[in-house]
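The next block is run.cif, given as mmCIF, C-alpha atoms and all ligand atoms.
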data_input
#
loop_
_atom_site.label_atom_id
_atom_site.label_comp_id
_atom_site.auth_asym_id
_atom_site.auth_seq_id
_atom_site.Cartn_x
_atom_site.Cartn_y
_atom_site.Cartn_z
CA MET A 1487 32.80 3.08 -26.85
CA LYS A 1488 29.08 3.71 -26.74
CA ALA A 1489 27.73 6.10 -24.11
CA ILE A 1490 24.46 7.85 -23.34
CA VAL A 1491 25.39 11.50 -23.57
CA CYS A 1492 23.47 14.64 -22.65
CA THR A 1493 25.01 17.88 -23.86
CA GLU A 1494 22.08 20.04 -22.78
CA TYR A 1495 19.67 20.10 -19.85
CA GLY A 1496 16.12 18.99 -20.50
CA GLY A 1497 13.58 16.17 -20.67
CA PRO A 1498 14.42 12.51 -21.36
CA GLN A 1499 14.98 13.29 -25.07
CA VAL A 1500 18.33 14.95 -24.27
CA LEU A 1501 19.78 11.48 -23.62
CA GLN A 1502 21.43 10.44 -26.88
CA LEU A 1503 23.52 7.42 -27.78
CA HIS A 1504 26.97 8.47 -29.05
CA GLU A 1505 30.43 7.06 -29.69
CA ILE A 1506 32.95 8.63 -27.31
CA GLU A 1507 36.54 7.86 -26.42
CA LYS A 1508 37.10 4.81 -24.23
CA PRO A 1509 38.77 5.86 -20.95
CA VAL A 1510 42.17 4.54 -19.87
CA ALA A 1511 42.82 3.58 -16.24
CA LYS A 1512 45.43 5.62 -14.36
CA ASN A 1513 47.84 3.84 -12.02
CA ASN A 1514 45.39 3.90 -9.10
CA GLU A 1515 42.28 3.19 -11.20
CA ILE A 1516 40.36 0.26 -12.58
CA LEU A 1517 38.65 0.11 -15.96
CA ILE A 1518 35.18 -1.39 -15.60
CA ARG A 1519 33.09 -2.86 -18.41
CA ILE A 1520 29.66 -1.63 -17.29
CA HIS A 1521 26.87 -4.18 -17.73
CA ALA A 1522 24.01 -2.27 -16.12
CA ALA A 1523 23.19 1.05 -14.46
CA SER A 1524 20.02 2.43 -12.90
CA VAL A 1525 17.68 5.37 -13.36
CA ASN A 1526 17.58 6.95 -9.94
CA PHE A 1527 16.61 10.25 -8.36
CA GLY A 1528 20.09 11.77 -8.86
CA ASP A 1529 20.16 10.96 -12.60
CA ARG A 1530 16.79 12.61 -13.13
CA MET A 1531 17.78 15.73 -11.19
CA ALA A 1532 21.16 16.05 -12.94
CA ARG A 1533 19.59 15.62 -16.39
CA ASN A 1534 17.35 18.63 -15.92
CA PHE A 1535 18.93 20.66 -13.12
CA LYS A 1536 18.51 23.95 -15.00
CA ALA A 1537 14.76 23.65 -14.40
CA ILE A 1538 15.05 22.89 -10.66
CA THR A 1539 14.32 25.97 -8.55
CA PRO A 1540 15.61 26.32 -4.97
CA ARG A 1541 12.03 25.72 -3.78
CA GLN A 1542 11.76 22.45 -5.74
CA PHE A 1543 15.15 21.28 -4.50
CA ASN A 1544 14.74 19.14 -1.37
CA MET A 1545 17.75 20.62 0.41
CA PRO A 1546 18.77 24.06 1.76
CA PHE A 1547 19.45 26.94 -0.65
CA LEU A 1548 23.24 26.71 -0.19
CA PHE A 1549 23.21 23.05 -1.32
CA TRP A 1550 21.15 24.04 -4.37
CA LEU A 1551 23.68 26.76 -5.24
CA MET A 1552 26.65 24.44 -4.82
CA THR A 1553 24.94 21.75 -6.91
CA LYS A 1554 24.05 24.31 -9.61
CA ILE A 1555 27.66 25.44 -9.83
CA SER A 1556 29.06 21.93 -9.85
CA PHE A 1557 26.51 20.62 -12.43
CA GLY A 1558 26.86 23.71 -14.69
CA LEU A 1559 24.71 26.84 -14.83
CA ARG A 1560 23.44 26.75 -18.43
CA GLN A 1561 24.84 23.49 -19.79
CA PRO A 1562 25.63 20.26 -17.97
CA LYS A 1563 29.31 19.84 -17.10
CA ILE A 1564 28.62 16.15 -16.52
CA THR A 1565 27.56 14.76 -19.87
CA VAL A 1566 27.44 11.04 -19.00
CA LEU A 1567 25.00 10.29 -16.16
CA GLY A 1568 24.65 7.04 -14.21
CA SER A 1569 25.43 7.12 -10.49
CA GLU A 1570 25.34 3.38 -9.68
CA PHE A 1571 26.28 0.32 -11.71
CA ALA A 1572 27.42 -3.28 -11.89
CA GLY A 1573 30.12 -4.57 -14.22
CA GLU A 1574 33.35 -6.48 -14.68
CA ILE A 1575 36.89 -5.20 -14.31
CA GLU A 1576 38.70 -5.23 -17.62
CA ALA A 1577 42.01 -3.67 -16.57
CA ALA A 1578 43.68 -2.40 -13.41
CA GLY A 1579 46.36 0.29 -13.01
CA ARG A 1580 49.73 -0.85 -11.73
CA ASP A 1581 49.17 0.45 -8.15
CA VAL A 1582 45.76 -1.22 -7.72
CA LYS A 1583 45.68 -3.79 -4.88
CA ARG A 1584 42.01 -4.40 -4.03
CA PHE A 1585 40.82 -5.63 -7.44
CA LYS A 1586 41.99 -7.54 -10.50
CA PRO A 1587 40.77 -7.99 -14.07
CA GLY A 1588 37.81 -10.37 -14.19
CA ASP A 1589 36.38 -9.28 -10.82
CA GLN A 1590 32.65 -8.63 -10.97
CA VAL A 1591 31.90 -5.43 -9.07
CA PHE A 1592 29.08 -3.05 -8.18
CA GLY A 1593 29.44 0.52 -7.04
CA TYR A 1594 28.28 4.06 -6.53
CA PRO A 1595 30.21 6.85 -8.28
CA GLY A 1596 27.46 9.13 -6.96
CA LEU A 1597 27.61 12.74 -8.10
CA SER A 1598 30.64 12.12 -10.32
CA PHE A 1599 28.28 9.88 -12.43
CA GLY A 1600 29.63 8.26 -15.66
CA ALA A 1601 27.98 4.81 -15.55
CA TYR A 1602 25.74 5.31 -18.63
CA ALA A 1603 28.57 4.05 -20.82
CA GLU A 1604 30.21 0.80 -21.85
CA TYR A 1605 33.30 1.61 -19.77
CA LEU A 1606 34.09 3.65 -16.67
CA CYS A 1607 37.35 4.28 -14.81
CA LEU A 1608 37.21 4.66 -11.03
CA PRO A 1609 39.89 4.91 -8.36
CA GLU A 1610 40.23 1.63 -6.49
CA ASP A 1611 39.29 3.42 -3.24
CA GLY A 1612 35.97 4.56 -4.75
CA VAL A 1613 32.64 3.24 -3.41
CA LEU A 1614 33.13 -0.18 -5.02
CA ALA A 1615 32.84 -3.79 -3.89
CA ILE A 1616 32.70 -7.30 -5.32
CA LYS A 1617 29.19 -7.89 -6.67
CA PRO A 1618 26.92 -10.06 -4.48
CA ALA A 1619 27.24 -13.61 -5.77
CA ASN A 1620 23.47 -14.19 -5.76
CA MET A 1621 22.56 -11.19 -7.94
CA THR A 1622 22.52 -10.58 -11.67
CA TYR A 1623 24.29 -7.49 -13.00
CA GLU A 1624 20.89 -5.84 -13.42
CA GLU A 1625 19.89 -6.46 -9.79
CA ALA A 1626 23.30 -5.42 -8.46
CA ALA A 1627 23.18 -2.19 -10.47
CA VAL A 1628 20.18 -0.91 -8.52
CA ALA A 1629 21.39 -1.98 -5.08
CA PRO A 1630 24.12 0.46 -3.97
CA TYR A 1631 22.59 3.96 -3.81
CA GLY A 1632 19.44 3.46 -1.75
CA ALA A 1633 20.89 0.77 0.48
CA ILE A 1634 24.08 2.57 1.50
CA MET A 1635 22.15 5.79 2.19
CA ALA A 1636 19.46 4.00 4.21
CA LEU A 1637 21.92 1.85 6.17
CA ASN A 1638 24.05 4.83 7.11
CA LEU A 1639 21.07 6.91 8.25
CA LEU A 1640 19.38 4.08 10.20
CA ARG A 1641 22.63 3.33 12.03
CA ARG A 1642 22.97 7.01 12.82
CA VAL A 1643 19.68 6.93 14.77
CA ASN A 1644 20.60 3.62 16.43
CA ILE A 1645 17.55 1.67 15.25
CA GLN A 1646 16.60 -1.11 17.71
CA PRO A 1647 14.61 -4.39 17.53
CA GLY A 1648 10.95 -3.98 18.44
CA GLN A 1649 10.78 -0.31 17.50
CA LYS A 1650 7.87 0.99 15.46
CA VAL A 1651 9.16 2.68 12.32
CA LEU A 1652 7.34 4.57 9.58
CA VAL A 1653 9.08 5.16 6.24
CA ASN A 1654 7.51 8.07 4.36
CA GLY A 1655 8.49 7.41 0.73
CA ALA A 1656 8.92 3.65 1.09
CA SER A 1657 8.76 2.75 -2.60
CA GLY A 1658 11.72 4.81 -3.81
CA GLY A 1659 15.45 4.16 -3.98
CA ILE A 1660 16.24 5.00 -0.35
CA GLY A 1661 12.83 4.14 1.13
CA SER A 1662 12.61 0.60 -0.30
CA ALA A 1663 16.03 -0.17 1.17
CA ALA A 1664 15.19 1.58 4.47
CA LEU A 1665 12.07 -0.54 4.83
CA GLN A 1666 13.94 -3.81 4.29
CA LEU A 1667 16.81 -2.77 6.55
CA ALA A 1668 14.44 -1.67 9.32
CA LYS A 1669 12.80 -5.12 9.12
CA TYR A 1670 16.24 -6.73 9.24
CA PHE A 1671 17.01 -4.71 12.41
CA GLY A 1672 13.84 -6.16 13.94
CA ALA A 1673 11.51 -3.17 13.68
CA GLU A 1674 7.78 -3.20 12.93
CA VAL A 1675 7.55 -1.15 9.75
CA THR A 1676 4.85 0.93 8.08
CA GLY A 1677 5.55 2.03 4.51
CA VAL A 1678 3.97 5.12 2.96
CA CYS A 1679 3.71 5.61 -0.82
CA ALA A 1680 1.07 6.15 -3.54
CA ALA A 1681 -1.49 3.49 -4.52
CA PRO A 1682 0.30 1.99 -7.59
CA ARG A 1683 3.23 0.98 -5.39
CA LEU A 1684 1.44 -0.37 -2.30
CA GLU A 1685 1.79 -4.00 -3.43
CA PHE A 1686 5.50 -3.49 -4.16
CA VAL A 1687 6.05 -2.06 -0.67
CA LYS A 1688 4.11 -4.99 0.88
CA SER A 1689 6.30 -7.41 -1.08
CA LEU A 1690 9.36 -5.88 0.58
CA GLY A 1691 8.03 -6.96 3.97
CA ALA A 1692 6.09 -3.93 5.25
CA ASP A 1693 3.83 -4.80 8.19
CA LYS A 1694 1.43 -2.01 7.16
CA VAL A 1695 1.15 0.22 4.12
CA ILE A 1696 -0.46 3.67 3.79
CA ASP A 1697 -1.42 5.42 0.57
CA TYR A 1698 -0.47 9.07 1.15
CA THR A 1699 -3.02 10.24 -1.43
CA LYS A 1700 -5.88 8.76 0.67
CA GLU A 1701 -4.70 8.79 4.28
CA ASP A 1702 -2.71 11.22 6.42
CA PHE A 1703 -0.57 9.04 8.69
CA THR A 1704 -0.41 11.82 11.29
CA GLN A 1705 -4.18 11.50 11.85
CA ASN A 1706 -4.60 7.76 12.42
CA GLY A 1707 -3.67 7.66 16.12
CA GLU A 1708 -0.57 5.45 15.64
CA THR A 1709 2.72 6.43 17.31
CA TYR A 1710 6.23 5.57 16.16
CA ASP A 1711 9.76 5.44 17.59
CA LEU A 1712 11.09 6.60 14.25
CA ILE A 1713 9.53 8.47 11.33
CA PHE A 1714 12.02 8.32 8.46
CA ASP A 1715 11.05 10.90 5.84
CA ILE A 1716 12.87 10.43 2.54
CA LEU A 1717 11.67 13.47 0.54
CA GLY A 1718 10.99 15.72 3.54
CA LYS A 1719 7.25 15.79 2.80
CA SER A 1720 6.13 15.65 6.45
CA SER A 1721 6.46 18.39 9.03
CA PHE A 1722 7.71 17.96 12.60
CA SER A 1723 4.89 20.04 14.04
CA ARG A 1724 2.27 17.77 12.42
CA CYS A 1725 4.19 14.58 13.25
CA LYS A 1726 4.84 15.35 16.94
CA SER A 1727 1.70 13.55 18.09
CA SER A 1728 2.66 10.52 15.93
CA LEU A 1729 6.04 10.22 17.65
CA LYS A 1730 6.53 8.38 20.95
CA PRO A 1731 7.86 10.57 23.81
CA ASN A 1732 11.51 9.91 22.79
CA GLY A 1733 10.75 9.38 19.12
CA ILE A 1734 12.94 10.61 16.27
CA HIS A 1735 11.88 12.39 13.10
CA LEU A 1736 14.68 11.57 10.66
CA PHE A 1737 14.95 13.62 7.44
CA ALA A 1738 16.99 12.44 4.45
CA SER A 1739 15.86 15.64 2.69
CA PHE A 1740 15.56 18.86 4.65
CA LYS A 1741 15.56 22.64 4.55
CA LEU A 1742 16.87 25.30 6.93
CA LYS A 1743 13.66 24.96 8.99
CA GLN A 1744 14.38 21.30 9.84
CA LEU A 1745 18.02 22.13 10.61
CA LEU A 1746 16.83 24.73 13.13
CA GLN A 1747 14.35 22.21 14.57
CA MET A 1748 17.23 19.74 14.92
CA LEU A 1749 19.25 22.33 16.84
CA TRP A 1750 16.28 23.26 19.02
CA THR A 1751 15.24 19.66 19.84
CA SER A 1752 18.86 18.65 20.56
CA MET A 1753 18.87 21.13 23.44
CA SER A 1754 15.64 19.85 25.00
CA GLY A 1755 14.50 16.39 26.13
CA GLY A 1756 11.88 14.33 24.32
CA ARG A 1757 11.18 14.08 20.61
CA LYS A 1758 14.07 14.88 18.29
CA VAL A 1759 14.53 16.02 14.72
CA ILE A 1760 17.58 14.62 12.95
CA CYS A 1761 18.71 15.78 9.51
CA ALA A 1762 21.61 13.77 8.15
CA LEU A 1763 23.69 13.27 5.03
CA ALA A 1764 25.04 9.82 4.22
CA PRO A 1765 28.46 10.05 2.59
CA GLY A 1766 28.38 6.71 0.76
CA SER A 1767 31.25 4.49 1.88
CA VAL A 1768 32.97 1.23 0.93
CA GLU A 1769 32.28 -0.09 4.45
CA ASP A 1770 28.54 0.47 3.99
CA LEU A 1771 28.63 -1.09 0.51
CA ASN A 1772 30.42 -4.17 1.86
CA SER A 1773 27.79 -4.46 4.63
CA ILE A 1774 25.09 -4.27 1.94
CA LYS A 1775 26.79 -7.01 -0.09
CA GLU A 1776 26.78 -9.27 3.00
CA LEU A 1777 23.12 -8.56 3.73
CA ILE A 1778 22.18 -9.30 0.12
CA GLU A 1779 24.14 -12.57 0.12
CA ALA A 1780 22.47 -13.55 3.40
CA GLY A 1781 19.07 -12.97 1.76
CA LYS A 1782 18.18 -10.11 4.11
CA ILE A 1783 17.61 -7.50 1.41
CA LYS A 1784 16.77 -7.74 -2.26
CA ALA A 1785 16.50 -5.55 -5.34
CA ILE A 1786 13.35 -5.56 -7.42
CA ILE A 1787 13.49 -4.75 -11.12
CA ASP A 1788 10.42 -3.31 -12.76
CA ARG A 1789 11.83 -2.82 -16.27
CA CYS A 1790 15.14 -3.14 -18.06
CA TYR A 1791 15.86 -1.00 -21.14
CA PRO A 1792 18.72 -1.35 -23.65
CA MET A 1793 21.14 1.60 -23.96
CA GLU A 1794 19.43 2.74 -27.15
CA GLN A 1795 16.24 3.33 -25.16
CA ALA A 1796 17.73 5.27 -22.23
CA ALA A 1797 15.38 8.19 -22.93
CA GLU A 1798 12.40 5.80 -22.73
CA ALA A 1799 13.69 4.49 -19.39
CA HIS A 1800 13.87 8.03 -17.98
CA ARG A 1801 10.44 8.84 -19.40
CA TYR A 1802 8.88 5.77 -17.76
CA VAL A 1803 10.34 6.75 -14.38
CA GLU A 1804 9.47 10.43 -14.76
CA GLU A 1805 5.84 9.64 -15.56
CA GLY A 1806 5.56 7.95 -12.15
CA HIS A 1807 4.96 4.38 -13.42
CA LYS A 1808 7.97 2.75 -11.77
CA LYS A 1809 7.38 -0.08 -9.27
CA GLY A 1810 10.76 -0.99 -7.88
CA ASN A 1811 13.74 -0.16 -10.05
CA VAL A 1812 14.43 0.64 -13.68
CA VAL A 1813 17.66 -0.56 -15.26
CA ILE A 1814 19.61 0.48 -18.35
CA SER A 1815 21.55 -2.45 -19.79
CA MET A 1816 24.79 -1.76 -21.67
CA ASP A 1817 25.04 -5.34 -23.03
N1 LIG A 1901 20.51 12.47 3.22
C1 LIG A 1901 21.25 11.99 2.27
O1 LIG A 1901 22.43 11.66 2.47
C2 LIG A 1901 20.67 11.80 0.91
C3 LIG A 1901 21.38 11.10 -0.08
C4 LIG A 1901 20.82 10.95 -1.32
C5 LIG A 1901 19.57 11.50 -1.59
N2 LIG A 1901 18.93 12.20 -0.62
C6 LIG A 1901 17.63 12.78 -0.88
O2 LIG A 1901 16.71 11.72 -1.04
C7 LIG A 1901 15.70 12.11 -1.91
C8 LIG A 1901 15.51 11.08 -2.99
O3 LIG A 1901 15.18 9.84 -2.43
P1 LIG A 1901 14.87 8.59 -3.37
O4 LIG A 1901 16.01 8.40 -4.29
O5 LIG A 1901 14.44 7.47 -2.50
O6 LIG A 1901 13.65 9.16 -4.23
P2 LIG A 1901 12.62 8.37 -5.14
O7 LIG A 1901 13.21 7.07 -5.59
O8 LIG A 1901 12.14 9.33 -6.16
O9 LIG A 1901 11.43 8.00 -4.13
C9 LIG A 1901 10.59 9.00 -3.61
C10 LIG A 1901 9.60 8.35 -2.67
O10 LIG A 1901 8.79 9.37 -2.07
C11 LIG A 1901 7.41 9.02 -2.25
N3 LIG A 1901 6.62 10.25 -2.29
C12 LIG A 1901 6.42 11.12 -3.31
N4 LIG A 1901 5.62 12.12 -2.91
C13 LIG A 1901 5.29 11.86 -1.61
C14 LIG A 1901 4.46 12.50 -0.65
N5 LIG A 1901 3.81 13.62 -0.93
N6 LIG A 1901 4.36 11.95 0.57
C15 LIG A 1901 5.00 10.81 0.89
N7 LIG A 1901 5.81 10.14 0.01
C16 LIG A 1901 5.93 10.67 -1.21
C17 LIG A 1901 7.39 8.22 -3.53
O11 LIG A 1901 6.23 7.41 -3.54
P3 LIG A 1901 5.39 7.20 -4.91
O12 LIG A 1901 6.42 6.96 -5.99
O13 LIG A 1901 4.55 6.02 -4.65
O14 LIG A 1901 4.64 8.48 -5.14
C18 LIG A 1901 8.65 7.38 -3.36
O15 LIG A 1901 8.42 6.31 -2.48
C19 LIG A 1901 16.09 13.46 -2.50
O16 LIG A 1901 15.32 14.47 -1.91
C20 LIG A 1901 17.54 13.58 -2.16
O17 LIG A 1901 17.91 14.92 -1.97
C21 LIG A 1901 19.44 12.36 0.62
#

Final structure tokens representation of the file:
Amino acid sequence: MKAIVCTEYGGPQVLQLHEIEKPVAKNNEILIRIHAASVNFGDRMARNFKAITPRQFNMPFLFWLMTKISFGLRQPKITVLGSEFAGEIEAAGRDVKRFKPGDQVFGYPGLSFGAYAEYLCLPEDGVLAIKPANMTYEEAAVAPYGAIMALNLLRRVNIQPGQKVLVNGASGGIGSAALQLAKYFGAEVTGVCAAPRLEFVKSLGADKVIDYTKEDFTQNGETYDLIFDILGKSSFSRCKSSLKPNGIHLFASFKLKQLLQMLWTSMSGGRKVICALAPGSVEDLNSIKELIEAGKIKAIIDRCYPMEQAAEAHRYVEEGHKKGNVVISMD
């Protein structure tokens, strides 16, 4: 089968199209014919992790070390990237109960990757669900990652109708889903991103948008029930006056400092810091499928590249041009 392989860490050029062996499903696995996969934050990090210093990594040092060991110190252990996909089941192992050949599915293998290939085997209890009926393979391929992370984290802070929410990093994988989900939960939402993506964020339903290169949202006098920071670019001390008295500063990316602030604020009343990891679950993916089919959230494709141009797809994203999502098509 054809796969996009990277045998060394580096820039987009390390992604090369090769013939590799087609996998065979074990008894508890399904063999999926991948139609489309996305270029997301995780793929870009994993492709060039050797160059990522602990300071550049958006998580505590211990996470960086664990990731470095699991990805490979000098050379990537994972040679086929692709952490979310949509495709069709070609074969199922004899113990598989949830799926059958011919089912159209979408899913999130996450840090085990492998979706930049024509075929992928996954255990039937992986983060997999039947593809939303109203989406193409390309749209479904970019839906799982951001949406399951955002849904899990927003539920964790018990988002309520009528709340004022600010999403810092609203144009990315997690932020664009968080914005739409917060609207679905009945919140009034402000999205923060850079100028080229303001229109995209508005099109997702943002009530207000802020260009972080021109305006500091902590200085405009607005207060929020929830500030959801995707990359951990804001600081609690600066955001305190932008949070309502019981407001929450939620970090999807955090360092030791924010963990200590979480501990400290959990022991006192008033404004809280919450740092949380979303595990990625089938239940969350099924909820996302229902929300998509009900028209509550959507996926927006900026560009779609054929497998042969996977390096171009990564380059386009890396250069900061992406508005919405970039897809790699295996068809
Ligand atoms: N907690 C968890 O369970 C979990 C799970 C997965 C990932 N993560 C973390 O989530 C992060 C990746 O999120 P993602 O996939 O959504 O990333 P992404 O797609 O790269 O999006 C990043 C967003 O941040 C914005 N941004 C960049 N610089 C900014 C700044 N200085 N101020 C405000 N916004 C800024 C970008 O806007 P522009 O593009 O317009 O500049 C974009 O909207 C990583 O740090 C990862 O570690 C956490």

Within 6 Å of ligand LIG 1901 (chain A), counting only C-alpha atoms and all ligand atoms, residues as a VMD selection string: chain A and resid 1527 1544 1635 1654 to 1661 1679 to 1680 1683 1698 1716 to 1717 1719 1738 to 1739 1762 to 1764

Closest of A:Phe1599, A:Phe1592, A:Tyr1631, A:Phe1535 to Lys1617 in chain A - atom-to-atom distances counting all atoms listed in the file: A:Phe1592

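CA of Glu1576 in chain A to CA of Ile1516 in chain A spans 7.6 Å [interatomic distance, one decimal].
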
Exercise: range 1643-1651 of chain A partners within 7 Å, all atoms listed in the file, chain neighbours under 6 positions left out, as a list of chain:residue names: A:Phe1671, A:Gly1672, A:Ala1673, A:Glu1674, A:Val1675, A:Thr1676, A:Tyr1710, A:Asp1711, A:Leu1712, A:Ile1713

Spatial neighbours of Lys1508 in chain A, max dist 10 Å, only C-alpha atoms, sep filter under 5 positions, as a list in words: Met1487, Lys1488, Ala1489, Leu1517, Ala1603, Glu1604, Tyr1605, Leu1606 and Cys1607 of chain A

Surrounding residues of range 1771-1778 of chain A excluding itself and chain neighbours under 2 positions, 8 Å, only C-alpha atoms, as an MDAnalysis selection string: chainID A and resid 1593 1613:1618 1620 1630 1633:1634 1766:1769 1780:1784

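The space between CA of Val1491 in chain A and CA of Ile1518 in chain A spans 18.0 Å.
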
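Between CA of Gly1496 in chain A and CA of Lys1809 in chain A the separation is 23.8 Å.
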
Ala1578 in chain A environment, 12 Å, all atoms listed in the file, sequence neighbours closer than 2 positions dropped, as JSON, numbers by chain: {"A": [1510, 1511, 1512, 1513, 1514, 1515, 1516, 1517, 1518, 1519, 1574, 1575, 1576, 1580, 1581, 1582, 1583, 1584, 1585, 1586, 1587, 1588, 1589, 1606, 1607, 1608, 1609, 1610]}

Among the residues A:Asn1732, A:Gln1744, A:Ser1727, A:Ser1689, the one that comes closest to Asp1715 in chain A [using only C-alpha atoms]: A:Gln1744

Shell of 9 Å around Ala1796 in chain A, all atoms listed in the file, local chain residues under 2 positions omitted, as a PyMOL selection string: chain A and resi 1490+1498-1499+1501-1503+1525+1602+1791-1794+1798-1801+1814-1815

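Among A:Val1759, A:Ala1522, A:Ile1786, A:Ala1619, the residue with the shortest atom-to-atom distance to Ser1723 in chain A, counting only C-alpha atoms, is A:Val1759.
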
Using only C-alpha atoms: which of A:Ser1524, A:Thr1622, A:Ser1569, A:Thr1699 has the shortest distance to Cys1790 in chain A: A:Ser1524

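Between Ser1598 in chain A and the candidates A:Glu1625, A:Asp1611, A:Glu1570, A:Glu1708, the tightest atom-to-atom separation, counting all atoms listed in the file, involves A:Glu1570.
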